[in-house]
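Trainee: Structure file coords_13.cif (mmCIF, C-alpha atoms and all ligand atoms) is given on the next line.
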data_model
loop_
_atom_site.label_atom_id
_atom_site.label_comp_id
_atom_site.auth_asym_id
_atom_site.auth_seq_id
_atom_site.Cartn_x
_atom_site.Cartn_y
_atom_site.Cartn_z
CA MET A 1 -0.86 12.93 34.39
CA LYS A 2 2.61 14.38 34.96
CA ASP A 3 4.02 11.76 37.35
CA ARG A 4 7.18 10.39 35.74
CA GLU A 5 6.29 6.88 36.90
CA TYR A 6 3.18 6.86 34.72
CA PHE A 7 3.02 6.39 30.98
CA SER A 8 0.51 7.78 28.52
CA LEU A 9 -0.17 6.44 25.03
CA ALA A 10 -2.55 8.07 22.56
CA THR A 11 -4.13 5.52 20.20
CA GLU A 12 -6.36 6.46 17.27
CA HIS A 13 -9.56 6.58 19.36
CA PHE A 14 -8.50 6.86 23.00
CA THR A 15 -5.57 7.39 25.35
CA ILE A 16 -4.26 4.72 27.70
CA GLU A 17 -2.55 5.92 30.87
CA GLY A 18 -1.18 3.92 33.74
CA ARG A 19 1.55 2.05 35.45
CA SER A 20 2.35 -1.64 35.33
CA ARG A 21 5.10 -3.75 36.86
CA ALA A 22 4.71 -7.40 37.92
CA GLY A 23 4.29 -7.95 41.65
CA HIS A 24 4.30 -4.22 42.35
CA GLU A 25 1.32 -2.45 40.82
CA THR A 26 -0.79 -2.66 37.68
CA TRP A 27 -3.53 -0.23 36.67
CA PHE A 28 -4.58 1.59 33.52
CA ARG A 29 -7.28 4.08 32.75
CA VAL A 30 -9.05 5.05 29.54
CA ARG A 31 -10.94 8.24 30.30
CA GLU A 32 -12.86 8.25 27.01
CA LEU A 33 -14.52 4.99 28.11
CA GLY A 34 -14.74 5.83 31.82
CA ILE A 35 -12.85 2.66 32.68
CA ALA A 36 -9.88 1.41 34.63
CA LEU A 37 -8.22 -1.91 33.81
CA ASP A 38 -7.10 -3.34 37.15
CA ILE A 39 -6.75 -0.94 40.05
CA GLY A 40 -3.33 -1.60 41.55
CA ARG A 41 -3.12 -0.08 45.02
CA GLY A 42 -5.85 2.48 44.33
CA PRO A 43 -3.99 5.42 42.74
CA ASP A 44 -5.67 8.85 42.45
CA PRO A 45 -6.12 8.75 38.64
CA VAL A 46 -8.58 5.82 38.77
CA LEU A 47 -10.80 6.97 41.66
CA SER A 48 -13.16 8.96 39.45
CA MET A 49 -13.61 6.16 36.89
CA PRO A 50 -17.15 4.66 37.19
CA HIS A 51 -16.18 1.21 35.82
CA ILE A 52 -13.26 -0.85 37.12
CA PHE A 53 -12.34 -4.13 35.40
CA VAL A 54 -10.25 -6.33 37.66
CA SER A 55 -8.44 -9.21 35.95
CA HIS A 56 -7.82 -11.32 39.07
CA ALA A 57 -7.37 -11.17 42.83
CA HIS A 58 -3.57 -10.82 43.09
CA LEU A 59 -2.90 -7.78 45.25
CA ASP A 60 -0.80 -5.88 42.71
CA HIS A 61 -3.99 -5.75 40.59
CA ALA A 62 -6.82 -5.67 43.13
CA ALA A 63 -5.67 -4.27 46.50
CA GLY A 64 -7.08 -0.85 45.57
CA ILE A 65 -10.73 -1.92 45.55
CA PRO A 66 -11.54 -1.03 49.21
CA PHE A 67 -9.59 2.22 48.91
CA TYR A 68 -11.54 3.07 45.73
CA ALA A 69 -14.78 2.54 47.69
CA GLY A 70 -13.56 4.64 50.63
CA GLN A 71 -12.26 7.53 48.54
CA ARG A 72 -15.46 7.71 46.50
CA ARG A 73 -17.46 7.88 49.74
CA LEU A 74 -15.18 10.64 51.05
CA GLN A 75 -15.43 12.63 47.83
CA ARG A 76 -19.20 11.99 47.58
CA ILE A 77 -18.94 10.25 44.20
CA GLU A 78 -21.91 7.92 43.85
CA GLY A 79 -21.78 4.33 42.63
CA GLY A 80 -18.75 2.60 41.17
CA MET A 81 -18.94 -0.73 39.39
CA VAL A 82 -16.17 -3.22 40.01
CA TYR A 83 -16.18 -6.17 37.59
CA VAL A 84 -14.28 -9.25 38.75
CA PRO A 85 -14.00 -12.95 37.75
CA SER A 86 -17.27 -14.61 38.80
CA GLU A 87 -15.28 -17.21 40.81
CA ALA A 88 -13.94 -14.45 43.09
CA ALA A 89 -17.03 -12.23 43.34
CA ASP A 90 -18.37 -13.62 46.65
CA ASP A 91 -14.96 -13.26 48.31
CA PHE A 92 -14.60 -9.67 47.14
CA ARG A 93 -18.11 -8.94 48.50
CA ALA A 94 -17.17 -10.56 51.83
CA LEU A 95 -14.00 -8.45 51.92
CA MET A 96 -16.04 -5.28 51.42
CA ARG A 97 -18.44 -6.34 54.20
CA LEU A 98 -15.47 -6.72 56.56
CA HIS A 99 -14.27 -3.23 55.69
CA GLU A 100 -17.78 -1.87 56.25
CA LYS A 101 -17.96 -3.62 59.62
CA MET A 102 -14.52 -2.43 60.76
CA GLU A 103 -15.20 1.13 59.68
CA GLY A 104 -18.85 1.28 60.74
CA THR A 105 -19.97 2.52 57.36
CA ASP A 106 -21.43 1.24 54.13
CA TYR A 107 -19.94 1.57 50.70
CA ASP A 108 -21.71 2.37 47.48
CA ILE A 109 -19.65 0.30 45.02
CA ARG A 110 -21.08 -2.80 43.37
CA ILE A 111 -19.06 -5.97 42.79
CA VAL A 112 -20.15 -7.66 39.56
CA GLY A 113 -18.96 -11.21 38.86
CA VAL A 114 -18.43 -11.91 35.15
CA GLU A 115 -18.13 -15.34 33.55
CA PRO A 116 -16.09 -16.21 30.47
CA GLY A 117 -18.16 -15.40 27.38
CA GLN A 118 -20.55 -13.11 29.28
CA THR A 119 -21.25 -9.73 27.69
CA LEU A 120 -22.52 -6.64 29.53
CA PRO A 121 -23.55 -3.19 28.31
CA LEU A 122 -21.16 -0.31 28.98
CA GLY A 123 -22.95 2.96 28.34
CA ARG A 124 -25.10 3.32 25.22
CA THR A 125 -22.52 2.59 22.54
CA HIS A 126 -20.21 0.00 24.08
CA ARG A 127 -20.24 -3.52 25.46
CA VAL A 128 -17.71 -5.48 27.43
CA ARG A 129 -17.05 -9.21 27.19
CA GLY A 130 -15.24 -11.35 29.74
CA HIS A 131 -12.82 -13.99 28.44
CA SER A 132 -11.04 -16.66 30.42
CA ALA A 133 -7.35 -16.05 31.02
CA THR A 134 -4.98 -18.82 32.14
CA HIS A 135 -3.25 -17.85 35.40
CA ARG A 136 -2.65 -19.26 38.89
CA VAL A 137 -6.01 -17.95 40.15
CA ALA A 138 -9.32 -17.35 38.35
CA ALA A 139 -8.64 -14.60 35.81
CA ARG A 140 -10.62 -12.66 33.23
CA ALA A 141 -9.43 -10.89 30.13
CA TRP A 142 -11.64 -7.97 29.05
CA GLU A 143 -12.73 -7.06 25.54
CA PHE A 144 -14.38 -3.73 24.73
CA ILE A 145 -16.71 -3.57 21.77
CA GLU A 146 -18.08 -0.41 20.16
CA THR A 147 -21.30 -0.28 18.17
CA ARG A 148 -21.04 2.10 15.21
CA HIS A 149 -24.00 3.26 13.17
CA HIS A 150 -23.30 2.90 9.44
CA LEU A 151 -25.05 3.14 6.09
CA ARG A 152 -26.12 -0.37 5.11
CA GLN A 153 -23.30 -2.01 3.20
CA ASP A 154 -25.53 -2.98 0.26
CA LEU A 155 -26.46 0.71 -0.17
CA ALA A 156 -22.86 1.93 -0.44
CA GLY A 157 -22.33 3.71 -3.76
CA ARG A 158 -26.03 4.58 -4.33
CA ASP A 159 -26.72 8.29 -4.70
CA ARG A 160 -27.95 10.44 -1.86
CA ALA A 161 -31.38 11.20 -3.33
CA GLU A 162 -32.10 7.50 -3.69
CA ILE A 163 -31.06 6.78 -0.10
CA ALA A 164 -33.12 9.73 1.15
CA ALA A 165 -36.13 8.42 -0.76
CA LEU A 166 -35.73 4.97 0.81
CA HIS A 167 -35.45 6.57 4.24
CA GLN A 168 -38.60 8.64 3.53
CA ALA A 169 -40.40 5.45 2.57
CA GLY A 170 -39.58 3.98 5.97
CA VAL A 171 -36.79 1.62 4.87
CA ALA A 172 -33.97 1.19 7.38
CA VAL A 173 -30.92 2.52 5.56
CA ASN A 174 -28.47 2.22 8.46
CA GLU A 175 -27.12 -0.77 10.32
CA ASP A 176 -25.16 -1.26 13.54
CA VAL A 177 -21.70 -2.72 13.15
CA GLU A 178 -19.67 -3.96 16.09
CA TYR A 179 -15.96 -3.20 16.41
CA SER A 180 -13.65 -4.69 18.98
CA ILE A 181 -11.64 -1.64 20.02
CA LEU A 182 -9.61 -2.93 22.98
CA PHE A 183 -8.61 -6.29 24.43
CA TYR A 184 -6.83 -6.44 27.81
CA THR A 185 -5.44 -9.83 28.84
CA GLY A 186 -4.57 -9.15 32.50
CA ASP A 187 -2.20 -11.78 33.95
CA THR A 188 -2.11 -14.96 31.92
CA ASP A 189 0.24 -17.50 30.44
CA ARG A 190 0.56 -18.57 26.81
CA GLY A 191 -2.68 -20.54 27.12
CA ILE A 192 -4.64 -17.46 26.09
CA LEU A 193 -2.60 -17.23 22.87
CA GLU A 194 -3.47 -20.84 22.11
CA GLN A 195 -7.16 -20.69 23.03
CA ASN A 196 -8.47 -17.21 22.26
CA ASP A 197 -9.09 -15.82 18.75
CA ALA A 198 -10.68 -12.50 19.70
CA LEU A 199 -7.47 -11.04 21.12
CA TYR A 200 -5.77 -11.18 17.71
CA ARG A 201 -8.48 -9.10 16.02
CA SER A 202 -9.11 -6.23 18.44
CA GLU A 203 -7.94 -2.79 17.29
CA VAL A 204 -5.72 -2.35 20.36
CA LEU A 205 -4.30 -5.29 22.30
CA MET A 206 -2.83 -4.90 25.79
CA ILE A 207 -1.02 -8.12 26.61
CA GLU A 208 1.09 -9.06 29.58
CA CYS A 209 4.74 -9.90 28.93
CA SER A 210 6.27 -10.46 32.36
CA PHE A 211 9.45 -12.20 31.17
CA LEU A 212 11.87 -11.41 28.35
CA ALA A 213 15.31 -12.76 28.95
CA GLU A 214 16.85 -15.98 27.70
CA GLY A 215 16.66 -18.59 30.47
CA HIS A 216 13.49 -17.13 32.02
CA GLN A 217 11.08 -19.28 29.96
CA ASP A 218 10.74 -21.81 32.83
CA ARG A 219 9.98 -19.08 35.30
CA ALA A 220 7.22 -17.74 33.03
CA ALA A 221 5.65 -21.21 32.80
CA ARG A 222 5.93 -21.85 36.57
CA TYR A 223 4.28 -18.58 37.60
CA ARG A 224 1.88 -18.71 34.65
CA HIS A 225 2.98 -15.61 32.85
CA ILE A 226 3.88 -14.87 29.24
CA HIS A 227 7.47 -14.79 28.03
CA PHE A 228 8.24 -12.63 24.98
CA ASP A 229 9.16 -15.84 23.14
CA ASP A 230 5.47 -16.85 23.34
CA ILE A 231 4.41 -13.62 21.62
CA ALA A 232 7.13 -14.01 18.99
CA GLU A 233 5.95 -17.56 18.33
CA PHE A 234 2.44 -16.34 17.48
CA ALA A 235 3.67 -13.16 15.70
CA ASP A 236 1.94 -13.88 12.39
CA ARG A 237 -1.49 -14.10 13.97
CA PHE A 238 -1.73 -10.57 15.40
CA GLU A 239 -4.03 -8.40 13.24
CA ASN A 240 -4.16 -5.59 15.83
CA GLY A 241 -3.31 -2.02 14.88
CA LEU A 242 -1.41 -1.56 18.14
CA ILE A 243 0.00 -4.06 20.64
CA MET A 244 1.02 -2.84 24.08
CA LEU A 245 3.17 -5.05 26.28
CA THR A 246 2.49 -4.69 30.01
CA HIS A 247 3.44 -6.15 33.41
CA PHE A 248 7.23 -6.51 32.99
CA SER A 249 9.11 -8.19 35.82
CA ARG A 250 10.96 -5.77 38.06
CA ARG A 251 14.15 -7.81 37.59
CA TYR A 252 14.60 -5.91 34.29
CA SER A 253 15.46 -2.22 34.06
CA ARG A 254 13.58 -0.05 31.55
CA GLU A 255 16.68 0.09 29.34
CA GLU A 256 17.00 -3.69 29.44
CA ILE A 257 13.34 -4.19 28.51
CA GLN A 258 13.59 -1.87 25.52
CA ASP A 259 16.92 -3.33 24.35
CA THR A 260 15.84 -6.95 24.75
CA ILE A 261 12.56 -6.48 22.88
CA ARG A 262 14.34 -4.51 20.15
CA ARG A 263 16.69 -7.45 19.66
CA ARG A 264 14.10 -10.23 19.85
CA CYS A 265 11.17 -8.57 18.08
CA PRO A 266 9.90 -10.22 14.87
CA ALA A 267 9.81 -7.68 12.01
CA VAL A 268 6.07 -8.16 11.51
CA LEU A 269 5.37 -6.73 15.01
CA ARG A 270 8.01 -4.01 15.32
CA ASP A 271 6.04 -0.95 14.12
CA ARG A 272 2.93 -1.85 16.10
CA LEU A 273 4.60 -2.71 19.39
CA ARG A 274 4.46 -0.34 22.38
CA LEU A 275 5.72 -0.80 25.93
CA ALA A 276 3.76 0.21 29.05
CA LEU A 277 6.68 2.32 30.29
CA PRO A 278 7.22 6.07 30.62
CA GLU A 279 9.07 7.83 27.75
CA PRO A 280 11.60 7.45 26.29
CA PHE A 281 10.96 3.73 26.78
CA GLY A 282 7.48 3.47 25.23
CA SER A 283 8.42 2.08 21.83
CA VAL A 284 10.97 -0.17 20.19
ZN ZN A 301 0.38 -9.41 38.26
ZN ZN A 302 -1.19 -12.42 38.92
#
Spit out the file's structure as structure tokens when you get a sec.

Mentor:
Amino acid sequence: MKDREYFSLATEHFTIEGRSRAGHETWFRVRELGIALDIGRGPDPVLSMPHIFVSHAHLDHAAGIPFYAGQRRLQRIEGGMVYVPSEAADDFRALMRLHEKMEGTDYDIRIVGVEPGQTLPLGRTHRVRGHSATHRVAARAWEFIETRHHLRQDLAGRDRAEIAALHQAGVAVNEDVEYSILFYTGDTDRGILEQNDALYRSEVLMIECSFLAEGHQDRAARYRHIHFDDIAEFADRFENGLIMLTHFSRRYSREEIQDTIRRRCPAVLRDRLRLALPEPFGSV
């Protein structure tokens, strides 16, 4: 994606692309997984993704759903799964029925309501789990889990011939191990930092950080968003290899965001922190 408004960040196992500013538009895509995280206003890069994970119904995250359905119909792309908080699923379905009625057509996408703690398969090697996020409307954080096929841990260090012999004899020498590879919070306040353990352990964490500046802590609490102070407060708990901050308020310029986080960032986070902004503003 060449658009200078978009950012692109290569992690060890996949690349995250997208655009995210509070109240304006938030969407990301991870092509290796065939997913979009939120859909903003329905930008071209997400239309071909078969799985869309919507964090909540605010329009800067979800307005693109009908357009996604319409564009896929136009381009003859079948299916399209749109995962939403279970509390909002019926309303999203009703919205799609209205669009179908107004346009005299039917759409192929499926709205899937997901409850906190519910896990669904995503292809053959991945699963996705919904977590509750604490925001002004029902909100889901999304965790992506990969199943990797490994030699059984108790067989590590044995020689090859021995393992081959066991395998020949019909003994299962491999085991499946689950890795949390990505956790996306969507919009939330500090409640998720207090209540959720999984987010601290995922390989890559994408966490909203709408507010940064001194004096904006009240605003963050009122609109139920995270202030960078909240992240700093929990700094010692993050085990993630990479932490991407998203959803900055538009009251801050890109320079201001980078400078402020540089100044306020606890040393333990500095090397792992990335910003969902185009270069040269992607790191601190
Ligand atoms: Zn938002
Ligand atoms: Zn929101």

Trainee: Write out as number ranges by chain the residues lying within 8 Å of Ala62 of chain A, counting only C-alpha atoms and excluding same-chain residues fewer than 3 positions away.

Mentor: A: 38-41, 54, 56-59, 65

Trainee: For Gly117 of chain A, find every residue with an atom within 9 Å (counting only C-alpha atoms), except residues of its own chain fewer than 6 positions away, and show them as a list in words.

Mentor: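 In the requested form, the answer reads Arg129, Gly130, His131 and Ser132 of chain A.
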
Trainee: Each residue of chain A with at least one atom at most 9 Å from ligand ZN 301 (chain A) should appear once, together with its nearest atom pair and the corresponding distance in Å (one decimal); atoms considered: only C-alpha atoms and all ligand atoms; ordering: chain, then increasing residue number; output as JSON lines.

Mentor:
{"residue": "A:Ser20", "atom": "CA", "partner": "A:ZN301", "partner_atom": "ZN", "distance": 8.5}
{"residue": "A:Arg21", "atom": "CA", "partner": "A:ZN301", "partner_atom": "ZN", "distance": 7.5}
{"residue": "A:Ala22", "atom": "CA", "partner": "A:ZN301", "partner_atom": "ZN", "distance": 4.8}
{"residue": "A:Gly23", "atom": "CA", "partner": "A:ZN301", "partner_atom": "ZN", "distance": 5.4}
{"residue": "A:His24", "atom": "CA", "partner": "A:ZN301", "partner_atom": "ZN", "distance": 7.7}
{"residue": "A:Glu25", "atom": "CA", "partner": "A:ZN301", "partner_atom": "ZN", "distance": 7.5}
{"residue": "A:Thr26", "atom": "CA", "partner": "A:ZN301", "partner_atom": "ZN", "distance": 6.9}
{"residue": "A:His56", "atom": "CA", "partner": "A:ZN301", "partner_atom": "ZN", "distance": 8.5}
{"residue": "A:His58", "atom": "CA", "partner": "A:ZN301", "partner_atom": "ZN", "distance": 6.4}
{"residue": "A:Leu59", "atom": "CA", "partner": "A:ZN301", "partner_atom": "ZN", "distance": 7.9}
{"residue": "A:Asp60", "atom": "CA", "partner": "A:ZN301", "partner_atom": "ZN", "distance": 5.8}
{"residue": "A:His61", "atom": "CA", "partner": "A:ZN301", "partner_atom": "ZN", "distance": 6.2}
{"residue": "A:Gly186", "atom": "CA", "partner": "A:ZN301", "partner_atom": "ZN", "distance": 7.6}
{"residue": "A:Asp187", "atom": "CA", "partner": "A:ZN301", "partner_atom": "ZN", "distance": 5.6}
{"residue": "A:Thr188", "atom": "CA", "partner": "A:ZN301", "partner_atom": "ZN", "distance": 8.8}
{"residue": "A:Glu208", "atom": "CA", "partner": "A:ZN301", "partner_atom": "ZN", "distance": 8.7}
{"residue": "A:Ser210", "atom": "CA", "partner": "A:ZN301", "partner_atom": "ZN", "distance": 8.4}
{"residue": "A:His225", "atom": "CA", "partner": "A:ZN301", "partner_atom": "ZN", "distance": 8.6}
{"residue": "A:His247", "atom": "CA", "partner": "A:ZN301", "partner_atom": "ZN", "distance": 6.6}

Trainee: Can you tell me how far atom CA of Asp108 of chain A sits from atom CA of Phe67 of chain A, in Å to one decimal?

Mentor: 12.2 Å

Trainee: Any idea what the distance is between atom CA of Glu175 of chain A and atom CA of Glu32 of chain A?

Mentor: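 Computing it gives 23.7 Å between the two atoms.
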
Trainee: Rounded to one decimal place, report the atom CA of Pro85 of chain A-atom CA of Arg251 of chain A distance in Å.

Mentor: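 If I compute the distance from atom CA of Pro85 of chain A to atom CA of Arg251 of chain A, I get 28.6 Å.
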
Trainee: Mind checking which residues fall within 10 Å of Glu233 of chain A, counting only C-alpha atoms, ignoring those fewer than 5 positions away in the same chain, and posting them as a list in words?

Mentor: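 Everything that qualifies: Leu193, Phe228 and Pro266 of chain A.
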
Trainee: Tell me, as a PyMOL selection string, which residues lie within 10 Å of Thr11 of chain A, counting only C-alpha atoms; anything in the same chain fewer than 6 positions away does not count.

Mentor: chain A and resi 203-204+241-242

Trainee: Within 12 Å of (-27.2, 0.4, 0.0) (coordinates as in the file), grab all the protein and nucleic acid residues, counting only C-alpha atoms, and write them out as a list in words.

Mentor: His150, Leu151, Arg152, Gln153, Asp154, Leu155, Ala156, Gly157, Arg158, Asp159, Arg160, Glu162, Ile163, Ala164, Leu166, His167, Val171, Ala172, Val173, Asn174 and Glu175 of chain A

Trainee: For ligand ZN 302 (chain A), which residue out of A:Cys209, A:Ile261, A:Ala139, A:Ala63 is the nearest one, using only C-alpha atoms and all ligand atoms?

Mentor: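 Result for the nearest residue to ligand ZN 302 (chain A): A:Ala139.
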
Trainee: Can you pull out every residue within 9 Å of Ser48 of chain A, counting only C-alpha atoms, but drop anything in the same chain fewer than 2 positions away, and send it as a CSV table (one decimal) with C-alpha atoms, in the coordinates of the input?

Mentor:
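around.csv was written with the following content:
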chain,number,residue,atom,x,y,z
A,34,GLY,CA,-14.7,5.8,31.8
A,44,ASP,CA,-5.7,8.8,42.4
A,45,PRO,CA,-6.1,8.8,38.6
A,46,VAL,CA,-8.6,5.8,38.8
A,50,PRO,CA,-17.2,4.7,37.2
A,68,TYR,CA,-11.5,3.1,45.7
A,72,ARG,CA,-15.5,7.7,46.5
A,77,ILE,CA,-18.9,10.2,44.2
A,80,GLY,CA,-18.8,2.6,41.2

Trainee: Find the residue from A:Val137, A:Ile145, A:Leu273, A:Ile111 that sits nearest to ligand ZN 302 (chain A); use only C-alpha atoms and all ligand atoms when measuring.

Mentor: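 Of A:Val137, A:Ile145, A:Leu273, A:Ile111, the one nearest ligand ZN 302 (chain A), counting only C-alpha atoms and all ligand atoms, is A:Val137.
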
Trainee: Compare A:Arg224, A:Arg73, A:His149, A:His99 by their minimum atom-to-atom distance to Ala133 of chain A, counting only C-alpha atoms, and give me the closest one.

Mentor: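 Comparing A:Arg224, A:Arg73, A:His149, A:His99 against Ala133 of chain A, the winner is A:Arg224.
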
Trainee: Which of these, A:Phe92, A:Tyr83, A:Tyr252, A:Phe281, has the shortest distance to Thr119 of chain A once you count all atoms listed in the file?

Mentor: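 Closest residue, counting all atoms listed in the file: A:Tyr83.
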
Trainee: Pick out the closest residue to ligand ZN 302 (chain A) from this set: A:Arg127, A:Arg110, A:His135, A:Arg19. Count only C-alpha atoms and all ligand atoms.

Mentor: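 Of all the options, A:His135 lies closest to ligand ZN 302 (chain A).
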